[in-house]
$ cat final-v3.cif   # mmCIF, C-alpha atoms
data_entry
#
loop_
_atom_site.label_atom_id
_atom_site.label_comp_id
_atom_site.auth_asym_id
_atom_site.auth_seq_id
_atom_site.Cartn_x
_atom_site.Cartn_y
_atom_site.Cartn_z
CA MET A 1 0.00 0.00 0.00
CA ASN A 2 1.49 3.36 -1.02
CA ALA A 3 1.59 6.56 1.03
CA VAL A 4 -1.36 8.10 -0.79
CA ASP A 5 -3.58 5.08 -0.14
CA LEU A 6 -2.48 4.92 3.51
CA ARG A 7 -3.64 8.47 4.19
CA PHE A 8 -6.15 9.61 1.59
CA GLY A 9 -7.89 6.25 1.16
CA PRO A 10 -9.03 5.95 4.81
CA LEU A 11 -9.99 9.63 4.82
CA LEU A 12 -12.29 9.17 1.82
CA LYS A 13 -13.71 6.01 3.35
CA ALA A 14 -14.51 7.84 6.59
CA ARG A 15 -16.11 10.72 4.70
CA ILE A 16 -18.15 9.00 1.97
CA GLY A 17 -17.67 5.25 2.61
CA LEU A 18 -15.49 4.76 -0.48
CA ASP A 19 -13.34 1.63 -0.47
CA SER A 20 -10.20 2.57 -2.38
CA ALA A 21 -9.84 -1.03 -3.58
CA SER A 22 -13.11 -0.67 -5.51
CA ILE A 23 -11.71 1.97 -7.86
CA GLY A 24 -8.00 1.24 -7.48
CA ALA A 25 -5.33 3.21 -5.66
CA ALA A 26 -4.31 4.77 -8.99
CA ALA A 27 -7.63 6.62 -9.23
CA ILE A 28 -7.15 8.18 -5.80
CA GLU A 29 -3.55 9.05 -6.66
CA ARG A 30 -4.72 10.83 -9.82
CA ALA A 31 -7.31 12.81 -7.87
CA VAL A 32 -4.76 13.81 -5.23
CA ARG A 33 -2.23 14.89 -7.88
CA LEU A 34 -4.94 16.86 -9.68
CA ARG A 35 -5.94 18.76 -6.56
CA ALA A 36 -2.33 19.23 -5.38
CA THR A 37 -1.53 20.84 -8.74
CA ALA A 38 -4.72 22.92 -8.79
CA THR A 39 -4.03 24.30 -5.31
CA GLY A 40 -0.32 24.84 -5.91
CA SER A 41 0.53 22.61 -2.97
CA GLY A 42 3.69 21.29 -4.61
CA SER A 43 3.67 17.90 -2.86
CA GLU A 44 1.32 15.33 -1.42
CA ASP A 45 2.43 16.22 2.12
CA ALA A 46 1.67 19.89 1.52
CA TYR A 47 -1.69 19.02 0.03
CA TRP A 48 -2.50 16.80 3.02
CA GLN A 49 -1.98 19.80 5.30
CA LEU A 50 -4.03 22.08 3.05
CA LEU A 51 -6.83 19.51 2.87
CA HIS A 52 -7.30 19.77 6.63
CA ALA A 53 -6.85 23.53 6.80
CA LYS A 54 -8.83 24.89 3.84
CA PRO A 55 -12.63 24.84 4.11
CA GLY A 56 -14.23 23.21 1.13
CA GLU A 57 -11.14 21.40 -0.15
CA MET A 58 -12.39 18.03 1.06
CA GLN A 59 -15.40 18.52 -1.18
CA GLN A 60 -13.09 19.38 -4.09
CA LEU A 61 -11.15 16.14 -3.57
CA ILE A 62 -14.43 14.19 -3.54
CA GLU A 63 -15.39 15.90 -6.81
CA ALA A 64 -12.07 14.78 -8.35
CA VAL A 65 -12.59 11.16 -7.24
CA VAL A 66 -16.27 10.80 -8.17
CA VAL A 67 -16.75 10.23 -11.91
CA PRO A 68 -20.42 10.22 -12.98
CA GLU A 69 -21.51 7.58 -15.50
CA THR A 70 -25.21 7.65 -16.31
CA TRP A 71 -27.76 8.26 -19.06
CA PHE A 72 -31.51 8.57 -19.52
CA TYR A 73 -33.65 5.44 -19.25
CA ARG A 74 -30.58 3.40 -18.36
CA TYR A 75 -32.63 0.54 -16.90
CA PRO A 76 -36.01 0.58 -18.71
CA GLU A 77 -37.31 -2.56 -16.96
CA SER A 78 -36.90 -0.75 -13.64
CA LEU A 79 -39.07 2.11 -14.88
CA VAL A 80 -41.79 -0.37 -15.91
CA ALA A 81 -41.68 -1.83 -12.40
CA LEU A 82 -41.71 1.67 -10.92
CA VAL A 83 -44.94 2.54 -12.74
CA ASP A 84 -46.58 -0.63 -11.37
CA VAL A 85 -45.42 0.15 -7.83
CA VAL A 86 -46.62 3.76 -7.96
CA ARG A 87 -50.03 2.82 -9.39
CA ALA A 88 -50.50 0.18 -6.69
CA ARG A 89 -49.52 2.66 -3.96
CA LEU A 90 -51.90 5.35 -5.25
CA ALA A 91 -54.72 2.79 -5.43
CA ARG A 92 -54.24 2.03 -1.71
CA GLU A 93 -53.75 5.54 -0.38
CA PRO A 94 -53.63 9.14 -1.60
CA GLY A 95 -50.37 10.64 -2.80
CA PRO A 96 -47.99 12.09 -3.17
CA VAL A 97 -45.69 9.12 -3.64
CA ARG A 98 -42.28 10.00 -2.20
CA ILE A 99 -39.27 8.89 -4.25
CA LEU A 100 -35.55 9.33 -3.54
CA SER A 101 -32.73 9.01 -6.09
CA LEU A 102 -29.36 8.65 -4.34
CA PRO A 103 -26.79 9.11 -5.78
CA CYS A 104 -28.47 11.07 -8.56
CA SER A 105 -25.32 12.12 -10.46
CA THR A 106 -26.14 14.67 -13.19
CA GLY A 107 -29.87 14.08 -12.96
CA GLU A 108 -30.60 11.56 -15.71
CA GLU A 109 -32.05 9.01 -13.27
CA PRO A 110 -34.53 11.21 -11.34
CA TYR A 111 -35.60 12.95 -14.54
CA SER A 112 -36.17 9.54 -16.18
CA ILE A 113 -38.30 8.57 -13.18
CA VAL A 114 -40.47 11.65 -13.62
CA MET A 115 -40.81 11.25 -17.41
CA ALA A 116 -41.79 7.59 -17.09
CA LEU A 117 -44.46 8.38 -14.49
CA LEU A 118 -45.86 11.34 -16.44
CA ASP A 119 -46.07 9.15 -19.54
CA ALA A 120 -47.99 6.59 -17.46
CA GLY A 121 -50.62 9.20 -16.62
CA ILE A 122 -49.48 9.94 -13.05
CA ALA A 123 -50.34 13.55 -12.17
CA PRO A 124 -47.49 15.86 -11.09
CA SER A 125 -49.35 16.57 -7.85
CA GLN A 126 -49.09 12.89 -6.96
CA LEU A 127 -45.28 12.91 -7.04
CA ALA A 128 -42.60 14.15 -4.65
CA VAL A 129 -39.13 13.33 -6.05
CA ASP A 130 -35.95 14.12 -4.13
CA ALA A 131 -32.47 13.64 -5.58
CA MET A 132 -29.15 13.68 -3.76
CA ASP A 133 -25.49 13.31 -4.57
CA VAL A 134 -22.27 13.82 -2.65
CA SER A 135 -20.88 15.89 -5.53
CA GLU A 136 -21.99 19.50 -5.56
CA ALA A 137 -20.66 19.88 -9.11
CA VAL A 138 -22.96 17.22 -10.55
CA ILE A 139 -25.90 18.64 -8.59
CA ALA A 140 -25.28 21.99 -10.28
CA ARG A 141 -25.26 20.31 -13.69
CA ALA A 142 -28.45 18.40 -12.84
CA ARG A 143 -30.26 21.60 -11.91
CA LEU A 144 -29.17 23.16 -15.19
CA ALA A 145 -30.94 20.28 -17.01
CA VAL A 146 -29.01 20.65 -20.28
CA TYR A 147 -27.55 17.47 -21.78
CA GLY A 148 -25.21 16.33 -24.52
CA PRO A 149 -25.24 13.22 -26.73
CA ASN A 150 -23.67 10.97 -24.07
CA SER A 151 -26.83 11.23 -21.97
CA PHE A 152 -28.93 9.73 -24.76
CA ARG A 153 -28.15 6.10 -25.54
CA GLY A 154 -30.32 3.43 -27.09
CA GLU A 155 -33.89 3.90 -28.24
CA ALA A 156 -35.61 7.12 -27.18
CA ASP A 157 -39.17 5.87 -27.90
CA GLY A 158 -40.44 9.42 -28.37
CA TRP A 159 -39.65 10.79 -24.90
CA ARG A 160 -36.74 12.84 -26.18
CA GLN A 161 -39.06 14.65 -28.58
CA ARG A 162 -41.72 15.12 -25.90
CA TYR A 163 -39.53 16.49 -23.15
CA PHE A 164 -36.46 18.12 -24.75
CA THR A 165 -35.79 21.06 -27.02
CA THR A 166 -32.53 21.83 -28.80
CA GLY A 167 -30.52 24.70 -27.34
CA ALA A 168 -27.16 26.31 -27.96
CA GLN A 169 -25.44 24.21 -25.25
CA GLY A 170 -27.32 20.94 -25.81
CA ASP A 171 -30.75 19.39 -25.31
CA VAL A 172 -32.79 21.34 -22.74
CA LEU A 173 -35.20 19.45 -20.51
CA SER A 174 -38.74 20.77 -20.19
CA ARG A 175 -39.39 22.69 -16.98
CA ARG A 176 -42.54 20.63 -16.37
CA VAL A 177 -40.15 17.72 -15.70
CA ALA A 178 -37.21 19.57 -14.18
CA ASP A 179 -39.33 21.45 -11.65
CA LEU A 180 -40.67 18.20 -10.19
CA VAL A 181 -37.24 17.12 -8.88
CA HIS A 182 -35.78 18.67 -5.74
CA PHE A 183 -31.97 18.41 -5.80
CA GLN A 184 -29.64 18.71 -2.82
CA SER A 185 -26.09 17.65 -2.05
CA GLY A 186 -25.96 14.95 0.58
CA ASN A 187 -24.20 11.80 1.73
CA LEU A 188 -25.84 8.50 2.60
CA PHE A 189 -23.74 8.35 5.76
CA ASP A 190 -24.73 11.81 6.97
CA THR A 191 -26.81 11.72 10.16
CA PRO A 192 -29.47 12.64 9.34
CA LEU A 193 -29.67 13.06 5.58
CA PRO A 194 -30.77 16.60 4.69
CA GLN A 195 -34.06 15.56 3.08
CA ALA A 196 -34.85 12.43 5.07
CA THR A 197 -36.10 14.01 8.28
CA ALA A 198 -39.73 14.74 7.33
CA SER A 199 -40.84 11.19 6.55
CA THR A 200 -39.66 8.02 4.91
CA TYR A 201 -39.79 7.25 1.19
CA ASP A 202 -42.11 4.95 -0.69
CA ILE A 203 -39.36 4.17 -3.21
CA VAL A 204 -35.58 4.55 -2.99
CA PHE A 205 -33.28 4.32 -6.01
CA CYS A 206 -29.69 3.64 -5.01
CA ARG A 207 -27.88 2.28 -8.04
CA ASN A 208 -24.23 1.36 -8.43
CA LEU A 209 -23.17 2.85 -5.12
CA LEU A 210 -22.80 -0.29 -2.99
CA ILE A 211 -20.16 -1.70 -5.35
CA TYR A 212 -17.77 1.01 -4.16
CA PHE A 213 -17.91 -0.15 -0.52
CA ASP A 214 -16.27 -3.00 1.33
CA THR A 215 -18.51 -5.63 2.93
CA PRO A 216 -19.04 -3.96 6.37
CA THR A 217 -19.80 -0.62 4.69
CA GLN A 218 -22.19 -2.31 2.26
CA GLU A 219 -24.10 -3.82 5.17
CA ARG A 220 -24.22 -0.46 6.94
CA ALA A 221 -25.40 1.24 3.73
CA VAL A 222 -28.22 -1.28 3.22
CA ARG A 223 -29.38 -0.70 6.80
CA LEU A 224 -29.48 3.05 6.19
CA LEU A 225 -31.33 2.63 2.90
CA ARG A 226 -33.96 0.49 4.59
CA GLN A 227 -34.36 3.15 7.27
CA LEU A 228 -34.99 5.74 4.54
CA ALA A 229 -37.82 3.65 3.08
CA ARG A 230 -41.19 2.64 4.43
CA ARG A 231 -41.40 -0.95 5.56
CA ASP A 232 -43.74 -1.67 2.64
CA GLY A 233 -41.53 0.36 0.27
CA MET A 234 -39.27 -0.65 -2.60
CA LEU A 235 -35.51 -0.38 -3.04
CA PHE A 236 -34.03 -0.24 -6.56
CA VAL A 237 -30.34 -1.11 -6.99
CA GLY A 238 -27.91 -1.73 -9.85
CA PRO A 239 -27.62 -5.13 -11.56
CA ALA A 240 -24.28 -5.89 -9.90
CA GLU A 241 -25.77 -5.27 -6.45
CA ALA A 242 -28.87 -7.46 -6.55
CA SER A 243 -27.23 -10.44 -4.88
CA LEU A 244 -26.21 -8.22 -1.93
CA LEU A 245 -29.90 -7.79 -1.12
CA THR A 246 -30.92 -11.39 -1.71
CA ARG A 247 -28.30 -12.41 0.86
CA GLN A 248 -30.17 -10.27 3.39
CA GLY A 249 -33.46 -12.03 2.69
CA MET A 250 -35.01 -9.28 0.59
CA ARG A 251 -37.54 -10.38 -2.04
CA ALA A 252 -37.02 -9.28 -5.64
CA TRP A 253 -39.77 -7.69 -7.70
CA ARG A 254 -41.40 -10.11 -10.12
CA LEU A 255 -40.25 -8.34 -13.32
CA PRO A 256 -36.85 -9.61 -14.63
CA HIS A 257 -34.11 -6.98 -14.90
CA ALA A 258 -36.01 -4.56 -12.63
CA PHE A 259 -33.42 -4.93 -9.83
CA ALA A 260 -36.14 -3.88 -7.38
CA PHE A 261 -36.61 -5.34 -3.90
CA HIS A 262 -39.25 -5.21 -1.21
CA VAL A 263 -37.74 -3.46 1.80
CA ALA A 264 -39.29 -5.84 4.33
CA PRO A 265 -37.37 -9.15 4.37
CA LEU A 266 -39.13 -12.48 3.94
CA PRO A 267 -38.69 -15.53 6.16
CA VAL A 268 -35.67 -17.54 5.11
CA LEU A 269 -36.72 -20.44 2.85
CA ALA A 270 -34.80 -23.52 1.81
CA PRO A 271 -32.81 -22.54 -1.29
CA ALA A 272 -33.32 -24.31 -4.58
CA PRO A 273 -30.29 -26.08 -6.03
CA VAL A 274 -28.08 -24.11 -8.39
CA PRO A 275 -27.91 -25.47 -11.97
CA SER A 276 -24.79 -27.52 -12.54
CA THR A 277 -24.15 -26.10 -16.00
CA LEU A 278 -22.26 -23.02 -14.92
CA ASN A 279 -19.51 -22.13 -17.36
CA ARG A 280 -16.77 -22.14 -14.76
CA PRO A 281 -13.41 -23.85 -14.39
CA ALA A 282 -13.70 -26.85 -12.11
CA ALA A 283 -10.63 -25.62 -10.21
CA LEU A 284 -12.46 -22.48 -9.15
CA MET A 285 -15.29 -24.55 -7.67
CA ALA A 286 -12.75 -26.26 -5.37
CA ARG A 287 -12.80 -23.99 -2.38
CA PRO A 288 -12.62 -23.39 0.69
CA PRO A 289 -10.68 -21.62 1.99
CA ALA A 290 -8.34 -21.01 -0.95
CA LEU A 291 -7.33 -22.75 -4.10
CA ARG A 292 -4.50 -25.22 -3.94
CA ALA A 293 -1.41 -24.37 -5.97
CA PRO A 294 -2.11 -27.03 -8.66
CA ALA A 295 -5.65 -25.65 -9.07
CA ARG A 296 -4.33 -22.12 -9.49
CA ALA A 297 -1.88 -23.36 -12.09
CA ALA A 298 -4.66 -25.14 -13.97
CA THR A 299 -6.68 -21.94 -13.96
CA ALA A 300 -3.70 -19.93 -15.19
CA ARG A 301 -3.36 -22.22 -18.20
CA ARG A 302 -6.81 -21.09 -19.33
CA TRP A 303 -5.97 -17.39 -19.39
CA SER A 304 -4.83 -17.13 -22.98
CA THR A 305 -8.05 -18.79 -24.14
CA LEU A 306 -10.25 -16.64 -21.92
CA ILE A 307 -8.65 -13.41 -23.07
CA ALA A 308 -8.59 -14.36 -26.72
CA ARG A 309 -12.27 -15.33 -26.67
CA ASP A 310 -13.66 -12.36 -24.77
CA ALA A 311 -11.39 -9.43 -25.57
CA SER A 312 -13.48 -6.78 -27.28
CA ALA A 313 -11.35 -3.65 -27.12
CA PRO A 314 -10.23 -2.41 -30.54
CA ALA A 315 -6.60 -3.15 -31.25
CA ALA A 316 -6.05 0.38 -32.46
CA ALA A 317 -6.69 1.90 -29.02
CA SER A 318 -3.57 2.72 -27.05
CA ASP A 319 -2.34 4.57 -23.99
CA ALA A 320 0.25 7.30 -23.66
CA THR A 321 3.07 4.78 -24.15
CA GLY A 322 1.68 3.66 -27.50
CA SER A 323 0.81 0.20 -26.21
CA SER A 324 -2.42 -1.08 -27.78
CA ASP A 325 -5.27 -2.57 -25.78
CA GLU A 326 -4.58 -5.92 -27.45
CA THR A 327 -0.93 -5.78 -26.37
CA ALA A 328 -1.87 -4.88 -22.81
CA LEU A 329 -4.33 -7.79 -22.60
CA ALA A 330 -1.65 -10.10 -23.99
CA GLU A 331 0.72 -8.91 -21.24
CA ILE A 332 -1.84 -9.77 -18.55
CA SER A 333 -2.25 -13.18 -20.17
CA ARG A 334 1.50 -13.79 -20.32
CA LEU A 335 1.98 -12.96 -16.65
CA ALA A 336 -0.99 -15.09 -15.60
CA ASP A 337 0.21 -18.05 -17.67
CA ARG A 338 3.53 -17.88 -15.82
CA GLY A 339 1.74 -17.89 -12.48
CA GLU A 340 2.82 -14.33 -11.66
CA THR A 341 -0.51 -13.26 -10.18
CA THR A 342 0.85 -10.17 -8.41
CA LEU A 343 2.40 -8.84 -11.60
CA ALA A 344 -0.72 -9.67 -13.59
CA LEU A 345 -2.84 -7.74 -11.10
CA ALA A 346 -0.38 -4.86 -11.33
CA ALA A 347 -0.85 -4.93 -15.11
CA CYS A 348 -4.60 -4.63 -14.56
CA GLU A 349 -3.98 -1.63 -12.30
CA ARG A 350 -1.78 -0.03 -14.96
CA TRP A 351 -4.59 -0.45 -17.45
CA LEU A 352 -7.08 1.20 -15.09
CA ALA A 353 -4.63 4.01 -14.37
CA THR A 354 -3.94 4.85 -18.03
CA ARG A 355 -6.98 3.72 -20.02
CA SER A 356 -10.74 3.81 -19.83
CA PRO A 357 -12.08 1.09 -17.51
CA THR A 358 -13.66 -1.85 -19.30
CA ALA A 359 -15.77 -4.79 -18.17
CA GLN A 360 -13.18 -7.15 -19.64
CA VAL A 361 -10.33 -5.85 -17.48
CA PHE A 362 -12.39 -5.92 -14.29
CA TYR A 363 -13.45 -9.46 -15.22
CA LEU A 364 -9.82 -10.51 -15.64
CA GLN A 365 -8.93 -8.83 -12.38
CA GLY A 366 -11.72 -10.79 -10.71
CA LEU A 367 -10.45 -14.05 -12.16
CA LEU A 368 -6.97 -13.40 -10.78
CA HIS A 369 -8.33 -12.73 -7.30
CA ASP A 370 -10.69 -15.70 -7.61
CA ALA A 371 -7.90 -18.07 -8.58
CA ALA A 372 -5.87 -16.91 -5.57
CA GLY A 373 -8.78 -17.51 -3.18
CA ARG A 374 -9.44 -13.82 -2.48
CA SER A 375 -13.22 -14.10 -2.71
CA GLU A 376 -14.14 -10.61 -1.51
CA ALA A 377 -11.74 -8.91 -3.91
CA ALA A 378 -12.96 -11.17 -6.72
CA GLN A 379 -16.58 -10.25 -6.04
CA MET A 380 -15.71 -6.56 -6.07
CA ALA A 381 -14.01 -6.83 -9.45
CA TYR A 382 -16.80 -8.94 -10.94
CA ARG A 383 -19.41 -6.43 -9.76
CA LYS A 384 -17.44 -3.59 -11.35
CA ALA A 385 -17.44 -5.54 -14.61
CA LEU A 386 -21.21 -6.01 -14.42
CA TYR A 387 -21.66 -2.33 -13.67
CA LEU A 388 -20.01 -1.51 -17.00
CA ASP A 389 -21.63 -4.42 -18.87
CA PRO A 390 -24.61 -5.97 -17.01
CA ARG A 391 -24.70 -8.89 -19.49
CA HIS A 392 -21.01 -9.79 -19.60
CA ARG A 393 -21.39 -13.55 -20.04
CA GLU A 394 -18.19 -14.80 -18.42
CA THR A 395 -18.55 -12.48 -15.43
CA LEU A 396 -22.12 -13.63 -14.84
CA ALA A 397 -20.99 -17.27 -14.85
CA HIS A 398 -17.97 -16.80 -12.59
CA LEU A 399 -19.71 -14.57 -10.06
CA ALA A 400 -22.65 -16.98 -9.96
CA ALA A 401 -20.37 -19.90 -9.13
CA LEU A 402 -18.49 -17.86 -6.56
CA LEU A 403 -21.74 -16.95 -4.81
CA ALA A 404 -22.89 -20.57 -4.97
CA SER A 405 -19.67 -21.72 -3.31
CA GLN A 406 -20.41 -19.28 -0.47
CA GLY A 407 -23.96 -20.54 0.01
CA ASP A 408 -25.77 -17.69 -1.76
CA THR A 409 -27.77 -19.97 -4.05
CA GLU A 410 -30.49 -17.40 -4.73
CA GLY A 411 -27.96 -14.81 -5.89
CA ALA A 412 -26.22 -17.44 -8.00
CA ARG A 413 -29.48 -18.55 -9.58
CA ARG A 414 -30.38 -14.98 -10.54
CA LEU A 415 -27.03 -14.42 -12.22
CA GLN A 416 -27.21 -17.75 -14.00
CA ALA A 417 -30.68 -16.89 -15.29
CA ARG A 418 -29.37 -13.60 -16.68
CA GLY A 419 -26.56 -15.44 -18.42
CA ALA A 420 -29.01 -17.96 -19.87
CA ARG A 421 -31.19 -15.17 -21.26
CA LYS A 422 -28.16 -13.68 -22.97
CA GLU A 423 -27.31 -17.04 -24.51
CA ARG A 424 -30.86 -17.41 -25.87
CA GLN A 425 -30.70 -13.92 -27.40
CA HIS A 426 -27.56 -14.86 -29.29
CA GLY A 427 -28.59 -18.41 -30.08
#

$ encode --input "final-v3.cif" --output "C-alpha cells"
Amino acid sequence: MNAVDLRFGPLLKARIGLDSASIGAAAIERAVRLRATATGSGSEDAYWQLLHAKPGEMQQLIEAVVVPETWFYRYPESLVALVDVVRARLAREPGPVRILSLPCSTGEEPYSIVMALLDAGIAPSQLAVDAMDVSEAVIARARLAVYGPNSFRGEADGWRQRYFTTGAQGDVLSRRVADLVHFQSGNLFDTPLPQATASTYDIVFCRNLLIYFDTPTQERAVRLLRQLARRDGMLFVGPAEASLLTRQGMRAWRLPHAFAFHVAPLPVLAPAPVPSTLNRPAALMARPPALRAPARAATARRWSTLIARDASAPAAASDATGSSDETALAEISRLADRGETTLALAACERWLATRSPTAQVFYLQGLLHDAAGRSEAAQMAYRKALYLDPRHRETLAHLAALLASQGDTEGARRLQARGARKERQHG
C-alpha cells in the first residue's frame, strides 16, 4: 500500500464510505495529484496539510474522485416496475408518492423517473421526487438540465421529442419535468440526511453505489437505505448489487431486470439447487478456503483462451506509451500463464490508471483474485465488470459460481438466469 492510499484512502472512506480497492489506488492518486496541482501545494504532504486547513477542499477532492456515469432510461425494466409500484400505492392511499434518487449524479435518473411516471398518466401533484449526490458539481449540472449526446443512448421511444428542445449548449429538458425534482447535495452516511427528516420514502433508487464499498460498509449502507424507506416500500439497486440484497433475505420484484426489492425481508426459505451447467473452471469450484497451488496453475493455463475469446477492445486503441489494448491484454495473459498473479494484477492496475475502464479488465482482475482464493476482492471486481456491462457472459458465470460456493444460491441462480437469457438472445 502506497503513502497516498495509507492516508487519503481511509480519509475518503470515513467521509463517503469509499473503499479505495473498488476503484483502485491509482484513481485516488490521480485525484490527489490533480488537486495538489490545482491548489499549488507542490507535494502530497503539503496538500494533506491544506486539505485539513482549507474549508471546502475536502469537497473538491471528492469531486475529483467521483466520476459520474449515467444516461436517460438506463434501466427501462426498472421504470416499468416503478410505474406498477406507484399505481398500486396510489390505489391504496392518496399521494404524493415520495421517491428518492441517491446518488443522482447529473440528474438523468430522477428525470427519467419523472418522465416515465408522467407518460404513465401519473399527475405531477401525486409525485414528490428528491435527488441527492455527494458531488456539488454534478448537482449543479443536474439543476441546469441541459444534456449532450452521451446522456442519450439506445432507443428514445419518443420521450426525447416530448420532453427536450434543442438549445445552444445541448438538449434542454422541459421545466414541467425539471421542476418536479428537488436536488440537494448529501451523503448516505450523513446523520441525518438533509431531506430524510420529514418522513420516509415509498421508493428509494440507489444504483451502483454499494459496489464502491467494502462488505461492512455495504451492510451499513443497506441498513441506512432500509431506514430511509417505508417498511412496505421498494428499493431499486444496480444489476451488480442485486445479490447483496438477496443475501439479506429481501424479495425481488417479479419483473426480470427490474433490480427492485421489497424493503421488508421475507422468512428464510430452503434454497433451490443451483444449476450444474455453470460455465466455470472446475478448479475455481474447489474452495474453501483457498485454491490449492495445482488448481491455481490449472486456472492460469486457461488465461490465454479466456482473453482471446472475450477481448473486445479495438486493437487500435492505445495509452500514452503507445501500447495497444490488445498488447496490454496479452501482457496480462502472459503474466498469468507464468503464475505471476501479483504482476498480472499490477498490469490490470496499470490499465485502469492509463486507459478507460472496461468490463473485460475488471473481469480478468476478478479471475486473478478468484484463482488466488481472495473471494471478496474477486466479487468486487466482478461487480465492477457487471456495472459496465450488465450482461457480460463470463462475469455472470464466474460470479454466480463464486456466490454458490459461499452458500448464496439465490444470488447465483439470478445471475445464471441472466446469463441464460443472454445465450438465448444470441442463439

$ residues_around --input "final-v3.cif" --residues "segment 257-262 of chain A" --least-positions-apart "5" --cutoff "7 Å" --atoms "all atoms listed in the file" --output "PyMOL selection string"
chain A and resi 77-78+81+232-239+242+250-252

$ closest_residue --input "final-v3.cif" --among "A:Asp171, A:Gly17, A:Arg74, A:Arg35" --to "Glu155 of chain A" --atoms "all atoms listed in the file"
A:Arg74

$ atom_distance --input "final-v3.cif" --atom1 "atom CA of Phe183 of chain A" --atom2 "atom CA of Ala131 of chain A"
4.8 Å

$ atom_distance --input "final-v3.cif" --atom1 "atom CA of Tyr212 of chain A" --atom2 "atom CA of Thr342 of chain A"
22.1 Å

$ atom_distance --input "final-v3.cif" --atom1 "atom CA of Leu180 of chain A" --atom2 "atom CA of Gly154 of chain A"
24.7 Å

$ resolve_selection --input "final-v3.cif" --expression "the PyMOL selection byres ((chain A and resi 201) around 9)" --output "PyMOL selection string"
chain A and resi 97-100+196+199-200+202-204+228-230+233-234

$ closest_residue --input "final-v3.cif" --among "A:Gly40, A:Asp84, A:Leu127, A:Ala381" --to "Phe213 of chain A" --atoms "only C-alpha atoms"
A:Ala381

$ closest_residue --input "final-v3.cif" --among "A:Ser324, A:Gln59, A:Thr215, A:Gln227" --to "Ser375 of chain A" --atoms "only C-alpha atoms"
A:Thr215

$ closest_residue --input "final-v3.cif" --among "A:Leu396, A:Ala140, A:Leu61, A:Ala264" --to "Cys104 of chain A" --atoms "all atoms listed in the file"
A:Ala140

$ closest_residue --input "final-v3.cif" --among "A:His392, A:Ser151, A:Gly107, A:Ala116" --to "Trp71 of chain A" --atoms "only C-alpha atoms"
A:Ser151

$ residues_around --input "final-v3.cif" --residues "segment 46-58 of chain A" --least-positions-apart "2" --cutoff "9 Å" --atoms "only C-alpha atoms" --output "ChimeraX atom specification"
/A:7-8,12,15,32-33,35-37,39-44,60-63

$ closest_residue --input "final-v3.cif" --among "A:Leu364, A:Leu403, A:Ala14, A:Val146" --to "Glu376 of chain A" --atoms "all atoms listed in the file"
A:Leu403

$ residues_near_point --input "final-v3.cif" --point "(-36.9, 20.3, -14.4)" --cutoff "9 Å" --atoms "all atoms listed in the file" --output "ChimeraX atom specification"
/A:111,142-145,173-182

$ axis_aligned_box --input "final-v3.cif" --around "segment 326-344 of chain A" --padding-each-side "8 Å" --output "lines of an AutoDock Vina configuration file"
center_x = -0.5
center_y = -11.5
center_z = -17.9
size_x = 24.1
size_y = 29.2
size_z = 35.0

$ resolve_selection --input "final-v3.cif" --expression "the PyMOL selection byres ((chain A and resi 112) around 10)" --output "JSON, numbers by chain"
{"A": [71, 72, 73, 74, 75, 76, 79, 107, 108, 109, 110, 111, 113, 114, 115, 116, 117, 118, 159, 177]}

$ write_last_selection --input "final-v3.cif" --atoms "C-alpha atoms" --output "compact mmCIF listing (two decimals), keeping the file's coordinate frame"
# COMPACT_ATOMS: atom_id res chain seq x y z
CA TRP A 71 -27.76 8.26 -19.06
CA PHE A 72 -31.51 8.57 -19.52
CA TYR A 73 -33.65 5.44 -19.25
CA ARG A 74 -30.58 3.40 -18.36
CA TYR A 75 -32.63 0.54 -16.90
CA PRO A 76 -36.01 0.58 -18.71
CA LEU A 79 -39.07 2.11 -14.88
CA GLY A 107 -29.87 14.08 -12.96
CA GLU A 108 -30.60 11.56 -15.71
CA GLU A 109 -32.05 9.01 -13.27
CA PRO A 110 -34.53 11.21 -11.34
CA TYR A 111 -35.60 12.95 -14.54
CA ILE A 113 -38.30 8.57 -13.18
CA VAL A 114 -40.47 11.65 -13.62
CA MET A 115 -40.81 11.25 -17.41
CA ALA A 116 -41.79 7.59 -17.09
CA LEU A 117 -44.46 8.38 -14.49
CA LEU A 118 -45.86 11.34 -16.44
CA TRP A 159 -39.65 10.79 -24.90
CA VAL A 177 -40.15 17.72 -15.70

$ build_atoms --input "final-v3.cif" --residues "segment 126-134 of chain A" --atoms "N, CA and C atoms" --output "PDB file, in the frame of the given file"
ATOM      1  N   GLN A 126     -49.183  14.159  -7.676  1.00  0.00           N
ATOM      2  CA  GLN A 126     -49.090  12.890  -6.960  1.00  0.00           C
ATOM      3  C   GLN A 126     -47.653  12.436  -6.743  1.00  0.00           C
ATOM      4  N   LEU A 127     -46.689  13.278  -7.125  1.00  0.00           N
ATOM      5  CA  LEU A 127     -45.280  12.910  -7.040  1.00  0.00           C
ATOM      6  C   LEU A 127     -44.509  13.884  -6.163  1.00  0.00           C
ATOM      7  N   ALA A 128     -43.562  13.345  -5.400  1.00  0.00           N
ATOM      8  CA  ALA A 128     -42.600  14.150  -4.650  1.00  0.00           C
ATOM      9  C   ALA A 128     -41.241  13.458  -4.818  1.00  0.00           C
ATOM     10  N   VAL A 129     -40.397  13.986  -5.690  1.00  0.00           N
ATOM     11  CA  VAL A 129     -39.130  13.330  -6.050  1.00  0.00           C
ATOM     12  C   VAL A 129     -37.967  14.142  -5.513  1.00  0.00           C
ATOM     13  N   ASP A 130     -37.183  13.524  -4.640  1.00  0.00           N
ATOM     14  CA  ASP A 130     -35.950  14.120  -4.130  1.00  0.00           C
ATOM     15  C   ASP A 130     -34.762  13.443  -4.793  1.00  0.00           C
ATOM     16  N   ALA A 131     -33.679  14.183  -4.954  1.00  0.00           N
ATOM     17  CA  ALA A 131     -32.470  13.640  -5.580  1.00  0.00           C
ATOM     18  C   ALA A 131     -31.259  14.193  -4.845  1.00  0.00           C
ATOM     19  N   MET A 132     -30.319  13.314  -4.552  1.00  0.00           N
ATOM     20  CA  MET A 132     -29.150  13.680  -3.760  1.00  0.00           C
ATOM     21  C   MET A 132     -27.887  13.097  -4.339  1.00  0.00           C
ATOM     22  N   ASP A 133     -26.798  13.811  -4.184  1.00  0.00           N
ATOM     23  CA  ASP A 133     -25.490  13.310  -4.570  1.00  0.00           C
ATOM     24  C   ASP A 133     -24.438  13.978  -3.712  1.00  0.00           C
ATOM     25  N   VAL A 134     -23.349  13.264  -3.454  1.00  0.00           N
ATOM     26  CA  VAL A 134     -22.270  13.820  -2.650  1.00  0.00           C
ATOM     27  C   VAL A 134     -21.512  14.907  -3.386  1.00  0.00           C
TER      28      VAL A 134
END
